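In what follows, a structure is listed as structure tokens, so that the remarks can point back to it.
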Amino acid sequence: MQVLKRAIKPQAYISFLHIYTTTWGTAGDICLVRQSVANSSASKFVGHKVQLVIPRGLEVHELAGVPVIKVAGHVGDGHPKDKDSEWEAYEGVDREIALGAMKPWGFKLIEFTN
């Protein structure tokens, strides 16, 4: 018996910046929402359209009742929209996916080594 492998096709996602206020200041996340889901929802997602190959099961978070993928979080001082801001990929998110989602924004992805 031969096992057939199918390639995962790239899908259209919207890469958007979710900024929120915390007790210590302003925080932010770069998130992805599947474009077909965003178009069918009542919420409006404003961001950059990207084509990415993402395996199923990463959409574990919800924002406005819509499943999203949190890709990276803002680390460091300053506002998340600053061009010099640094971002760290969330655990479980592949570095290539994070770079693809962050590319339109021009932010810098940092790596922490243990």
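In the structure tokens, chains take the letters A, B, ... in the order shown, each chain's residues start at 1, and ligands count up from 1 in the order shown.
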Q: Would you kindly return, as a list of chain:residue names, each protein, DNA or RNA residue with an atom no farther than 9 Å from any atom of Gly76 (chain A), considering only C-alpha atoms and excluding same-chain residues fewer than 5 positions away?
A: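 The contact residues come out as A:Ser85, A:Glu86, A:Trp87.
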Q. Any idea what's packed within 7 Å of Tyr13 (chain A), counting only C-alpha atoms, ignoring anything in its chain fewer than 4 positions away? Could you give it as a PyMOL selection string?
A. chain A and resi 32-35+49-51
Would you output that residue set with N, CA and C atoms, as a CSV table (one decimal), in the first residue's frame?
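What ended up in selection-v5.csv:
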```csv
chain,number,residue,atom,x,y,z
A,32,LEU,N,-3.6,36.5,12.5
A,32,LEU,CA,-4.1,36.1,11.2
A,32,LEU,C,-5.5,35.6,11.3
A,33,VAL,N,-6.3,36.0,10.3
A,33,VAL,CA,-7.7,35.5,10.2
A,33,VAL,C,-7.8,35.1,8.7
A,34,ARG,N,-8.4,33.9,8.5
A,34,ARG,CA,-8.7,33.4,7.2
A,34,ARG,C,-9.6,34.4,6.5
A,35,GLN,N,-9.2,34.8,5.3
A,35,GLN,CA,-10.0,35.8,4.5
A,35,GLN,C,-11.4,35.4,4.3
A,49,LYS,N,-3.3,41.6,3.2
A,49,LYS,CA,-3.6,40.3,2.7
A,49,LYS,C,-2.3,39.5,2.4
A,50,VAL,N,-2.2,38.3,2.9
A,50,VAL,CA,-1.0,37.5,2.7
A,50,VAL,C,-1.5,36.1,2.3
A,51,GLN,N,-0.6,35.4,1.5
A,51,GLN,CA,-0.9,34.0,1.1
A,51,GLN,C,0.1,33.2,1.9
```
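The spacing separating CA of Thr23 (chain A) from CA of His61 (chain A) amounts to 21.6 Å.
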Q) Which of these residues is nearest to Gly65 (chain A), using only C-alpha atoms: A:Tyr90, A:Gly106, A:Ala38, A:Pro80? A)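 Nearest candidate to Gly65 (chain A) out of A:Tyr90, A:Gly106, A:Ala38, A:Pro80: A:Ala38.
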Q: Would you list, as a PyMOL selection string, the residues of chain A that end up in strand (DSSP E) under DSSP run on this structure's backbone?
A: chain A and resi 11-22+25-34+48-52+61-63+66-75+86-89+108-110
Expected file contents, prior selection, N, CA and C atoms, as a compact mmCIF listing (two decimals), in the first residue's frame:
```txt
# COMPACT_ATOMS: atom_id res chain seq x y z
N GLN A 11 -3.41 29.62 1.39
CA GLN A 11 -4.70 30.27 1.50
C GLN A 11 -4.50 31.74 1.81
N ALA A 12 -5.51 32.52 1.51
CA ALA A 12 -5.46 33.95 1.77
C ALA A 12 -5.83 34.22 3.23
N TYR A 13 -4.99 34.98 3.90
CA TYR A 13 -5.21 35.39 5.28
C TYR A 13 -5.10 36.91 5.35
N ILE A 14 -5.69 37.47 6.37
CA ILE A 14 -5.51 38.89 6.65
C ILE A 14 -4.64 38.99 7.89
N SER A 15 -3.50 39.64 7.75
CA SER A 15 -2.59 39.88 8.87
C SER A 15 -2.96 41.23 9.46
N PHE A 16 -3.38 41.22 10.73
CA PHE A 16 -3.80 42.48 11.34
C PHE A 16 -3.14 42.66 12.70
N LEU A 17 -3.09 43.90 13.12
CA LEU A 17 -2.47 44.27 14.39
C LEU A 17 -3.58 44.52 15.40
N HIS A 18 -3.57 43.74 16.47
CA HIS A 18 -4.56 43.89 17.54
C HIS A 18 -3.87 44.60 18.70
N ILE A 19 -4.26 45.84 18.95
CA ILE A 19 -3.67 46.65 20.02
C ILE A 19 -4.68 46.79 21.15
N TYR A 20 -4.22 46.60 22.37
CA TYR A 20 -5.11 46.69 23.52
C TYR A 20 -4.34 47.28 24.70
N THR A 21 -5.09 47.83 25.64
CA THR A 21 -4.53 48.48 26.82
C THR A 21 -4.47 47.49 27.97
N THR A 22 -3.35 47.49 28.68
CA THR A 22 -3.17 46.67 29.87
C THR A 22 -2.88 47.59 31.04
N GLY A 25 0.46 49.39 30.33
CA GLY A 25 0.63 50.18 29.11
C GLY A 25 -0.12 49.58 27.95
N THR A 26 0.43 49.79 26.76
CA THR A 26 -0.20 49.31 25.53
C THR A 26 0.52 48.06 25.05
N ALA A 27 -0.25 47.05 24.72
CA ALA A 27 0.30 45.80 24.21
C ALA A 27 -0.28 45.54 22.82
N GLY A 28 0.31 44.59 22.14
CA GLY A 28 -0.19 44.29 20.81
C GLY A 28 0.13 42.87 20.38
N ASP A 29 -0.68 42.35 19.49
CA ASP A 29 -0.50 41.04 18.88
C ASP A 29 -0.65 41.17 17.38
N ILE A 30 0.15 40.42 16.65
CA ILE A 30 -0.07 40.28 15.22
C ILE A 30 -0.85 38.99 15.06
N CYS A 31 -2.00 39.09 14.41
CA CYS A 31 -2.91 37.96 14.27
C CYS A 31 -3.20 37.69 12.80
N LEU A 32 -3.63 36.48 12.53
CA LEU A 32 -4.07 36.09 11.20
C LEU A 32 -5.51 35.61 11.28
N VAL A 33 -6.30 36.01 10.32
CA VAL A 33 -7.65 35.50 10.18
C VAL A 33 -7.81 35.06 8.73
N ARG A 34 -8.41 33.90 8.55
CA ARG A 34 -8.65 33.39 7.20
C ARG A 34 -9.57 34.38 6.47
N HIS A 48 -3.27 43.50 6.21
CA HIS A 48 -2.60 43.17 4.95
C HIS A 48 -2.99 41.76 4.51
N LYS A 49 -3.28 41.60 3.23
CA LYS A 49 -3.61 40.29 2.69
C LYS A 49 -2.31 39.54 2.39
N VAL A 50 -2.19 38.31 2.92
CA VAL A 50 -1.01 37.48 2.70
C VAL A 50 -1.46 36.08 2.30
N GLN A 51 -0.62 35.42 1.52
CA GLN A 51 -0.86 34.02 1.14
C GLN A 51 0.10 33.16 1.94
N LEU A 52 -0.43 32.27 2.77
CA LEU A 52 0.40 31.43 3.61
C LEU A 52 -0.11 30.00 3.62
N HIS A 61 -7.58 30.82 19.20
CA HIS A 61 -8.04 32.04 19.86
C HIS A 61 -9.23 32.61 19.10
N GLU A 62 -10.02 33.42 19.80
CA GLU A 62 -11.15 34.09 19.17
C GLU A 62 -11.07 35.58 19.44
N LEU A 63 -11.44 36.35 18.44
CA LEU A 63 -11.51 37.80 18.56
C LEU A 63 -12.82 38.22 17.91
N VAL A 66 -14.63 35.43 16.14
CA VAL A 66 -14.05 34.88 14.93
C VAL A 66 -12.75 34.16 15.30
N PRO A 67 -12.52 32.93 14.81
CA PRO A 67 -11.28 32.23 15.12
C PRO A 67 -10.08 32.91 14.45
N VAL A 68 -9.04 33.18 15.25
CA VAL A 68 -7.83 33.83 14.73
C VAL A 68 -6.61 33.04 15.21
N ILE A 69 -5.50 33.30 14.56
CA ILE A 69 -4.21 32.74 14.96
C ILE A 69 -3.38 33.89 15.50
N LYS A 70 -3.01 33.83 16.77
CA LYS A 70 -2.10 34.83 17.33
C LYS A 70 -0.69 34.38 16.96
N VAL A 71 -0.01 35.21 16.17
CA VAL A 71 1.28 34.85 15.62
C VAL A 71 2.44 35.35 16.48
N ALA A 72 2.40 36.63 16.84
CA ALA A 72 3.50 37.22 17.59
C ALA A 72 2.97 38.28 18.54
N GLY A 73 3.71 38.48 19.61
CA GLY A 73 3.36 39.47 20.60
C GLY A 73 4.44 40.53 20.73
N HIS A 74 4.03 41.74 21.03
CA HIS A 74 4.96 42.86 21.19
C HIS A 74 5.72 42.72 22.50
N VAL A 75 7.02 42.86 22.43
CA VAL A 75 7.86 42.83 23.63
C VAL A 75 8.66 44.12 23.68
N GLU A 86 9.96 45.47 18.80
CA GLU A 86 10.40 44.08 18.67
C GLU A 86 9.24 43.15 18.99
N TRP A 87 9.20 42.03 18.29
CA TRP A 87 8.12 41.07 18.42
C TRP A 87 8.69 39.68 18.64
N GLU A 88 7.96 38.89 19.40
CA GLU A 88 8.37 37.51 19.66
C GLU A 88 7.25 36.57 19.20
N ALA A 89 7.62 35.53 18.46
CA ALA A 89 6.63 34.56 18.00
C ALA A 89 6.09 33.78 19.19
N LYS A 108 10.36 43.76 13.46
CA LYS A 108 11.50 42.88 13.66
C LYS A 108 11.12 41.74 14.60
N LEU A 109 11.37 40.50 14.15
CA LEU A 109 11.13 39.32 14.98
C LEU A 109 12.42 38.98 15.71
N ILE A 110 12.34 38.90 17.03
CA ILE A 110 13.53 38.58 17.82
C ILE A 110 13.46 37.12 18.23
```
Q: Calculate how many Å separate CA of Asp82 (chain A) from CA of Ala101 (chain A), rounding to one decimal.
A: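 It comes out at 16.8 Å.
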Q: Would you work out the distance separating CA of Val93 (chain A) from CA of Ser41 (chain A), expressed in Å to one decimal?
A: 24.6 Å
Show which residues sit within 10 Å of Pro55 (chain A), as an mmCIF file with C-alpha atoms, in the first residue's frame. Count only C-alpha atoms, and ignore same-chain residues fewer than 5 positions away.
```cif
data_model
loop_
_atom_site.group_PDB
_atom_site.id
_atom_site.type_symbol
_atom_site.label_atom_id
_atom_site.label_comp_id
_atom_site.auth_asym_id
_atom_site.auth_seq_id
_atom_site.Cartn_x
_atom_site.Cartn_y
_atom_site.Cartn_z
ATOM 1 C CA ILE A 8 -1.186 21.992 1.473
ATOM 2 C CA LYS A 9 -2.286 24.840 -0.768
ATOM 3 C CA PRO A 10 -1.637 28.419 0.316
#
```
Q | Every residue of chain A that DSSP places in helix (DSSP H, G or I), as a VMD selection string | A | chain A and resid 35 to 40 95 to 105
Filtering to C-alpha atoms, could you give me those residues as a PDB file, in the first residue's frame?
```
ATOM      1  CA  GLN A  35      -9.966  35.794   4.549  1.00  0.00           C
ATOM      2  CA  SER A  36     -13.020  33.666   3.795  1.00  0.00           C
ATOM      3  CA  VAL A  37     -13.957  33.711   7.496  1.00  0.00           C
ATOM      4  CA  ALA A  38     -13.325  37.454   7.765  1.00  0.00           C
ATOM      5  CA  ASN A  39     -15.528  38.180   4.741  1.00  0.00           C
ATOM      6  CA  SER A  40     -18.425  36.182   6.171  1.00  0.00           C
ATOM      7  CA  ARG A  95       9.137  30.959  12.628  1.00  0.00           C
ATOM      8  CA  GLU A  96       8.378  30.991   8.878  1.00  0.00           C
ATOM      9  CA  ILE A  97       4.678  31.606   9.524  1.00  0.00           C
ATOM     10  CA  ALA A  98       5.543  34.453  11.894  1.00  0.00           C
ATOM     11  CA  LEU A  99       7.907  36.024   9.365  1.00  0.00           C
ATOM     12  CA  GLY A 100       5.279  35.753   6.612  1.00  0.00           C
ATOM     13  CA  ALA A 101       2.628  37.419   8.763  1.00  0.00           C
ATOM     14  CA  MET A 102       4.983  40.175   9.931  1.00  0.00           C
ATOM     15  CA  LYS A 103       6.596  40.976   6.576  1.00  0.00           C
ATOM     16  CA  PRO A 104       3.960  43.530   5.436  1.00  0.00           C
ATOM     17  CA  TRP A 105       4.263  45.387   8.744  1.00  0.00           C
TER      18      TRP A 105
END
```
